[in-house]
file input09.pdb (PDB, C-alpha atoms)
MODEL        1
ATOM      1  CA  MET A   1      13.376  12.430  -8.157
ATOM      2  CA  GLN A   2      11.024  12.006 -11.055
ATOM      3  CA  GLU A   3       7.609  13.662 -10.738
ATOM      4  CA  ALA A   4       4.859  11.702 -12.419
ATOM      5  CA  THR A   5       2.553  13.900 -14.451
ATOM      6  CA  THR A   6      -0.209  11.316 -14.579
ATOM      7  CA  PRO A   7      -0.943   8.989 -11.663
ATOM      8  CA  LEU A   8       0.556   5.521 -11.791
ATOM      9  CA  LYS A   9      -1.472   2.661 -13.160
ATOM     10  CA  LEU A  10      -1.452  -0.936 -11.980
ATOM     11  CA  GLY A  11       1.350  -2.959 -13.525
ATOM     12  CA  GLN A  12       3.596   0.063 -13.956
ATOM     13  CA  LYS A  13       7.002   0.344 -12.340
ATOM     14  CA  VAL A  14       6.884   2.913  -9.550
ATOM     15  CA  PRO A  15       9.517   5.622 -10.118
ATOM     16  CA  ASP A  16      12.002   5.831  -7.276
ATOM     17  CA  PHE A  17      11.025   8.232  -4.501
ATOM     18  CA  ASP A  18      12.027   8.980  -0.958
ATOM     19  CA  LEU A  19      10.270  10.326   2.091
ATOM     20  CA  GLU A  20      11.433  11.802   5.354
ATOM     21  CA  ILE A  21      10.056   9.635   8.121
ATOM     22  CA  TYR A  22       9.562   9.529  11.848
ATOM     23  CA  ASP A  23      10.446   6.012  13.001
ATOM     24  CA  PRO A  24       8.557   5.184  16.235
ATOM     25  CA  VAL A  25      10.728   2.115  16.922
ATOM     26  CA  LYS A  26      13.998   4.050  16.876
ATOM     27  CA  ASP A  27      12.256   7.204  18.113
ATOM     28  CA  ASP A  28      14.240   9.081  15.489
ATOM     29  CA  PHE A  29      13.915  10.691  12.084
ATOM     30  CA  GLY A  30      15.119   8.917   8.965
ATOM     31  CA  LYS A  31      14.469   8.303   5.306
ATOM     32  CA  PHE A  32      12.381   5.789   3.399
ATOM     33  CA  ARG A  33      13.647   5.032  -0.114
ATOM     34  CA  LEU A  34      11.852   2.807  -2.584
ATOM     35  CA  GLN A  35      15.202   1.744  -4.027
ATOM     36  CA  ASP A  36      16.151   0.247  -0.637
ATOM     37  CA  GLN A  37      12.986  -1.874  -0.737
ATOM     38  CA  ILE A  38      13.845  -3.132  -4.217
ATOM     39  CA  ALA A  39      17.473  -3.799  -3.213
ATOM     40  CA  GLY A  40      16.195  -5.777  -0.204
ATOM     41  CA  LYS A  41      13.508  -7.590  -2.282
ATOM     42  CA  ARG A  42      10.773  -6.384   0.094
ATOM     43  CA  TRP A  43       7.060  -5.880  -0.512
ATOM     44  CA  THR A  44       5.854  -2.395   0.370
ATOM     45  CA  VAL A  45       2.443  -1.128   1.430
ATOM     46  CA  LEU A  46       1.887   2.643   1.268
ATOM     47  CA  PHE A  47      -0.953   3.794   3.492
ATOM     48  CA  PHE A  48      -2.029   7.392   2.784
ATOM     49  CA  TYR A  49      -4.345   9.271   5.149
ATOM     50  CA  PRO A  50      -5.503  12.892   5.234
ATOM     51  CA  ALA A  51      -3.815  14.328   8.319
ATOM     52  CA  ASP A  52      -2.314  13.716  11.750
ATOM     53  CA  PHE A  53      -4.475  14.603  14.747
ATOM     54  CA  THR A  54      -7.619  13.581  12.921
ATOM     55  CA  PHE A  55      -9.759  10.531  13.472
ATOM     56  CA  VAL A  56      -8.297   7.828  11.198
TER      57      VAL A  56
ATOM     58  CA  MET B   1       3.532  -9.930   7.793
ATOM     59  CA  ASP B   2       6.274 -10.172   5.218
ATOM     60  CA  CYS B   3       6.226  -6.604   3.993
ATOM     61  CA  ASP B   4       7.064  -3.099   5.090
ATOM     62  CA  ILE B   5       4.248  -0.657   5.756
ATOM     63  CA  VAL B   6       4.770   3.084   5.527
ATOM     64  CA  THR B   7       2.015   5.472   6.527
ATOM     65  CA  ILE B   8       2.003   8.786   4.653
ATOM     66  CA  SER B   9       0.276  12.115   5.156
ATOM     67  CA  GLU B  10       1.037  15.672   4.118
ATOM     68  CA  ASP B  11       2.254  16.505   7.614
ATOM     69  CA  THR B  12       5.919  16.967   8.526
ATOM     70  CA  LYS B  13       7.973  14.384  10.441
ATOM     71  CA  PHE B  14       7.843  16.728  13.436
ATOM     72  CA  VAL B  15       4.065  16.587  13.550
ATOM     73  CA  HIS B  16       4.217  12.789  13.141
ATOM     74  CA  LEU B  17       6.443  12.608  16.215
ATOM     75  CA  ALA B  18       4.165  14.867  18.240
ATOM     76  CA  TRP B  19       1.038  12.941  17.230
ATOM     77  CA  ARG B  20       2.584   9.514  17.893
ATOM     78  CA  LYS B  21       3.701  10.605  21.351
ATOM     79  CA  GLY B  22       0.564  12.539  22.256
ATOM     80  CA  GLU B  23      -2.219  10.204  21.120
ATOM     81  CA  LYS B  24      -2.554   7.102  23.283
ATOM     82  CA  GLU B  25      -4.396   5.263  20.497
ATOM     83  CA  LEU B  26      -1.073   5.261  18.625
ATOM     84  CA  ALA B  27       0.976   3.815  21.467
ATOM     85  CA  ASN B  28       1.420   0.521  19.582
ATOM     86  CA  VAL B  29       2.160   2.037  16.167
ATOM     87  CA  ARG B  30       5.531   0.804  14.943
ATOM     88  CA  TYR B  31       5.350   1.702  11.255
ATOM     89  CA  PRO B  32       7.573   4.445   9.862
ATOM     90  CA  MET B  33       5.453   7.564   9.372
ATOM     91  CA  GLY B  34       6.291   9.220   6.064
ATOM     92  CA  ALA B  35       6.158  13.000   5.634
ATOM     93  CA  ASP B  36       5.008  14.301   2.254
ATOM     94  CA  PRO B  37       4.498  18.046   2.886
ATOM     95  CA  THR B  38       5.012  18.965  -0.770
ATOM     96  CA  GLY B  39       2.558  16.318  -1.962
ATOM     97  CA  LYS B  40       5.062  14.860  -4.422
ATOM     98  CA  VAL B  41       4.397  11.230  -3.471
ATOM     99  CA  ALA B  42       0.621  11.674  -3.094
ATOM    100  CA  LYS B  43       0.557  13.240  -6.570
ATOM    101  CA  MET B  44       2.528  10.337  -7.998
ATOM    102  CA  PHE B  45      -0.177   7.962  -6.763
ATOM    103  CA  GLY B  46      -3.086  10.235  -7.668
ATOM    104  CA  VAL B  47      -4.349  10.733  -4.110
ATOM    105  CA  TYR B  48      -3.423  14.412  -3.654
ATOM    106  CA  ASP B  49      -6.515  16.602  -3.208
ATOM    107  CA  GLU B  50      -5.625  20.029  -4.660
ATOM    108  CA  ASN B  51      -8.596  21.632  -2.911
ATOM    109  CA  THR B  52      -7.507  20.718   0.592
ATOM    110  CA  GLY B  53      -3.791  19.938   0.294
ATOM    111  CA  LEU B  54      -4.521  16.593   1.959
ATOM    112  CA  ALA B  55      -4.124  13.003   0.810
ATOM    113  CA  LEU B  56      -7.120  10.753   0.252
ATOM    114  CA  ARG B  57      -7.180   7.347   1.947
ATOM    115  CA  GLY B  58      -5.143   5.454  -0.614
ATOM    116  CA  THR B  59      -3.515   2.070  -0.117
ATOM    117  CA  PHE B  60      -0.918   0.800  -2.591
ATOM    118  CA  ILE B  61       0.887  -2.533  -2.729
ATOM    119  CA  ILE B  62       4.282  -2.491  -4.461
ATOM    120  CA  SER B  63       6.072  -5.740  -5.335
ATOM    121  CA  PRO B  64       9.754  -6.374  -4.540
ATOM    122  CA  ASP B  65      10.736  -5.353  -8.083
ATOM    123  CA  GLY B  66       8.916  -2.017  -7.730
ATOM    124  CA  THR B  67       5.735  -2.829  -9.690
ATOM    125  CA  LEU B  68       2.417  -1.375  -8.521
ATOM    126  CA  PHE B  69       0.140  -4.399  -7.911
ATOM    127  CA  ASN B  70      -2.889  -3.015  -6.063
ATOM    128  CA  SER B  71      -4.507   0.309  -5.438
ATOM    129  CA  GLU B  72      -7.520   1.212  -3.360
ATOM    130  CA  VAL B  73      -8.669   4.759  -2.674
ATOM    131  CA  ASN B  74     -11.411   5.762  -0.257
ATOM    132  CA  PHE B  75     -12.784   9.259   0.194
ATOM    133  CA  TYR B  76     -12.240  11.083   3.484
ATOM    134  CA  ASN B  77     -15.247   9.684   5.280
ATOM    135  CA  LEU B  78     -14.773   5.955   4.724
ATOM    136  CA  GLY B  79     -12.257   3.911   6.658
ATOM    137  CA  ARG B  80     -10.417   0.989   5.137
ATOM    138  CA  ASN B  81     -11.084  -2.652   5.845
ATOM    139  CA  ILE B  82      -7.819  -4.190   7.004
ATOM    140  CA  ASP B  83      -9.107  -7.727   6.381
ATOM    141  CA  GLU B  84      -9.511  -6.901   2.700
ATOM    142  CA  LEU B  85      -6.042  -5.349   2.559
ATOM    143  CA  MET B  86      -4.613  -8.519   4.164
ATOM    144  CA  ARG B  87      -6.550 -10.681   1.708
ATOM    145  CA  LYS B  88      -5.125  -8.792  -1.244
ATOM    146  CA  PHE B  89      -1.627  -8.855   0.154
ATOM    147  CA  LYS B  90      -1.753 -12.612   0.855
ATOM    148  CA  ALA B  91      -3.148 -13.211  -2.636
ATOM    149  CA  ASN B  92      -0.274 -11.245  -4.165
ATOM    150  CA  LEU B  93       2.284 -13.274  -2.207
ATOM    151  CA  TYR B  94       0.562 -16.525  -3.201
ATOM    152  CA  MET B  95       0.320 -15.645  -6.895
ATOM    153  CA  ALA B  96       3.956 -14.538  -6.916
ATOM    154  CA  LYS B  97       4.812 -18.139  -5.944
ATOM    155  CA  LYS B  98       2.205 -19.808  -8.215
ATOM    156  CA  SER B  99       2.236 -17.857 -11.424
ATOM    157  CA  ASN B 100      -0.213 -20.235 -13.167
ATOM    158  CA  GLU B 101      -2.982 -19.697 -10.595
ATOM    159  CA  VAL B 102      -5.412 -16.837 -10.089
ATOM    160  CA  CYS B 103      -7.341 -15.975  -6.925
ATOM    161  CA  PRO B 104     -11.128 -15.614  -7.234
ATOM    162  CA  SER B 105     -13.145 -13.099  -5.228
ATOM    163  CA  LYS B 106     -13.874 -15.544  -2.393
ATOM    164  CA  TRP B 107     -10.205 -16.504  -1.960
ATOM    165  CA  LYS B 108      -9.032 -15.654   1.534
ATOM    166  CA  ASP B 109      -5.906 -17.623   2.345
ATOM    167  CA  GLU B 110      -3.544 -20.320   1.160
ATOM    168  CA  GLY B 111      -5.499 -23.568   0.736
ATOM    169  CA  ASP B 112      -8.599 -21.850  -0.615
ATOM    170  CA  LYS B 113      -9.808 -22.661  -4.121
ATOM    171  CA  THR B 114      -7.893 -21.013  -6.955
ATOM    172  CA  LEU B 115      -8.266 -21.305 -10.700
ATOM    173  CA  VAL B 116      -5.327 -23.171 -12.205
ATOM    174  CA  ASN B 117      -4.092 -22.451 -15.713
ATOM    175  CA  PRO B 118      -7.008 -20.232 -16.768
ATOM    176  CA  GLY B 119      -7.175 -20.438 -20.546
ATOM    177  CA  ALA B 120      -9.237 -21.474 -23.542
ATOM    178  CA  LYS B 121     -10.529 -24.655 -21.874
ATOM    179  CA  MET B 122     -11.922 -22.694 -18.954
ATOM    180  CA  VAL B 123     -13.858 -20.150 -21.013
ATOM    181  CA  GLY B 124     -17.541 -20.559 -20.136
ATOM    182  CA  LYS B 125     -16.611 -23.251 -17.576
ATOM    183  CA  VAL B 126     -15.625 -21.133 -14.599
ATOM    184  CA  HIS B 127     -18.548 -22.496 -12.560
ATOM    185  CA  GLU B 128     -17.311 -26.074 -13.062
ATOM    186  CA  ALA B 129     -13.707 -25.068 -12.404
ATOM    187  CA  LEU B 130     -14.677 -23.447  -9.089
ATOM    188  CA  LYS B 131     -16.688 -26.524  -8.049
ATOM    189  CA  GLY B 132     -14.116 -29.074  -9.184
TER     190      GLY B 132
ENDMDL
END
call {"tool": "encode", "arguments": {"input": "input09.pdb", "output": "structure tokens"}}
result
Amino acid sequence: MQEATTPLKLGQKVPDFDLEIYDPVKDDFGKFRLQDQIAGKRWTVLFFYPADFTFV
Amino acid sequence: MDCDIVTISEDTKFVHLAWRKGEKELANVRYPMGADPTGKVAKMFGVYDENTGLALRGTFIISPDGTLFNSEVNFYNLGRNIDELMRKFKANLYMAKKSNEVCPSKWKDEGDKTLVNPGAKMVGKVHEALKG
């Protein structure tokens, strides 16, 4: 896992990363990996928000 | 929509589960909820707020080859407009198919006016190109 020292800019390749997830469809925990998205030729939208239990 | 959405906050997956199950407003949420308690992913995208340990409202579109195509960051107190996110996503899909076209600001969906082969001949003639 590469840690970027400066934030990514548009047009740059996003370094591979993974995240632990809660998957509401499976009602189970799992992992999201960017490399799986690239292997599956899928577009990805990352949607950051400040915190659970707030008023998004 | 032909993409995968992942929501991300600095909470753990356990809190995500508890929130999803406890808040009725989230009953229809089907997106995987990413846990970034160390802030490593938020830092990568420049949305980690060191003062609070929280992530700002950032939205990022990544193409199938892993290139960052769009970024939008709002401060805590401003919600995002999903119509604009959809517009940008549709435009990215369209331009991926038609690499010689660009989508102007008023472009909303396939069939709307684009600029084709922008180049030397179009310099100073964008008004005519948009009308034509």
call {"tool": "closest_residue", "arguments": {"input": "input09.pdb", "among": "B:Gly53, B:Pro32, B:Gly111, B:Gly39", "to": "chain A", "atoms": "all atoms listed in the file"}}
result
B:Pro32
call {"tool": "resolve_selection", "arguments": {"input": "input09.pdb", "expression": "the ChimeraX specification (/B :<7) & /A", "output": "ChimeraX atom specification"}}
result
/A:3-4,7-8,10-14,19-25,37-38,41-53
call {"tool": "write_last_selection", "arguments": {"input": "input09.pdb", "atoms": "C-alpha atoms", "output": "JSON list (two decimals), in the coordinates of the input"}}
result
[["chain", "number", "residue", "atom", "x", "y", "z"],
["A", 3, "GLU", "CA", 7.61, 13.66, -10.74],
["A", 4, "ALA", "CA", 4.86, 11.70, -12.42],
["A", 7, "PRO", "CA", -0.94, 8.99, -11.66],
["A", 8, "LEU", "CA", 0.56, 5.52, -11.79],
["A", 10, "LEU", "CA", -1.45, -0.94, -11.98],
["A", 11, "GLY", "CA", 1.35, -2.96, -13.52],
["A", 12, "GLN", "CA", 3.60, 0.06, -13.96],
["A", 13, "LYS", "CA", 7.00, 0.34, -12.34],
["A", 14, "VAL", "CA", 6.88, 2.91, -9.55],
["A", 19, "LEU", "CA", 10.27, 10.33, 2.09],
["A", 20, "GLU", "CA", 11.43, 11.80, 5.35],
["A", 21, "ILE", "CA", 10.06, 9.64, 8.12],
["A", 22, "TYR", "CA", 9.56, 9.53, 11.85],
["A", 23, "ASP", "CA", 10.45, 6.01, 13.00],
["A", 24, "PRO", "CA", 8.56, 5.18, 16.24],
["A", 25, "VAL", "CA", 10.73, 2.12, 16.92],
["A", 37, "GLN", "CA", 12.99, -1.87, -0.74],
["A", 38, "ILE", "CA", 13.84, -3.13, -4.22],
["A", 41, "LYS", "CA", 13.51, -7.59, -2.28],
["A", 42, "ARG", "CA", 10.77, -6.38, 0.09],
["A", 43, "TRP", "CA", 7.06, -5.88, -0.51],
["A", 44, "THR", "CA", 5.85, -2.40, 0.37],
["A", 45, "VAL", "CA", 2.44, -1.13, 1.43],
["A", 46, "LEU", "CA", 1.89, 2.64, 1.27],
["A", 47, "PHE", "CA", -0.95, 3.79, 3.49],
["A", 48, "PHE", "CA", -2.03, 7.39, 2.78],
["A", 49, "TYR", "CA", -4.34, 9.27, 5.15],
["A", 50, "PRO", "CA", -5.50, 12.89, 5.23],
["A", 51, "ALA", "CA", -3.82, 14.33, 8.32],
["A", 52, "ASP", "CA", -2.31, 13.72, 11.75],
["A", 53, "PHE", "CA", -4.47, 14.60, 14.75]]
call {"tool": "atom_distance", "arguments": {"input": "input09.pdb", "atom1": "atom CA of B:Ala91", "atom2": "atom CA of A:Lys31"}}
result
28.9 Å
call {"tool": "atom_distance", "arguments": {"input": "input09.pdb", "atom1": "atom CA of B:Pro104", "atom2": "atom CA of B:Val123"}}
result
14.8 Å
call {"tool": "atom_distance", "arguments": {"input": "input09.pdb", "atom1": "atom CA of B:Leu115", "atom2": "atom CA of B:Ala129"}}
result
6.8 Å
call {"tool": "resolve_selection", "arguments": {"input": "input09.pdb", "expression": "the PyMOL selection byres ((chain B and resi 132) around 12)", "output": "number ranges by chain"}}
result
B: 113-116, 122, 125-131
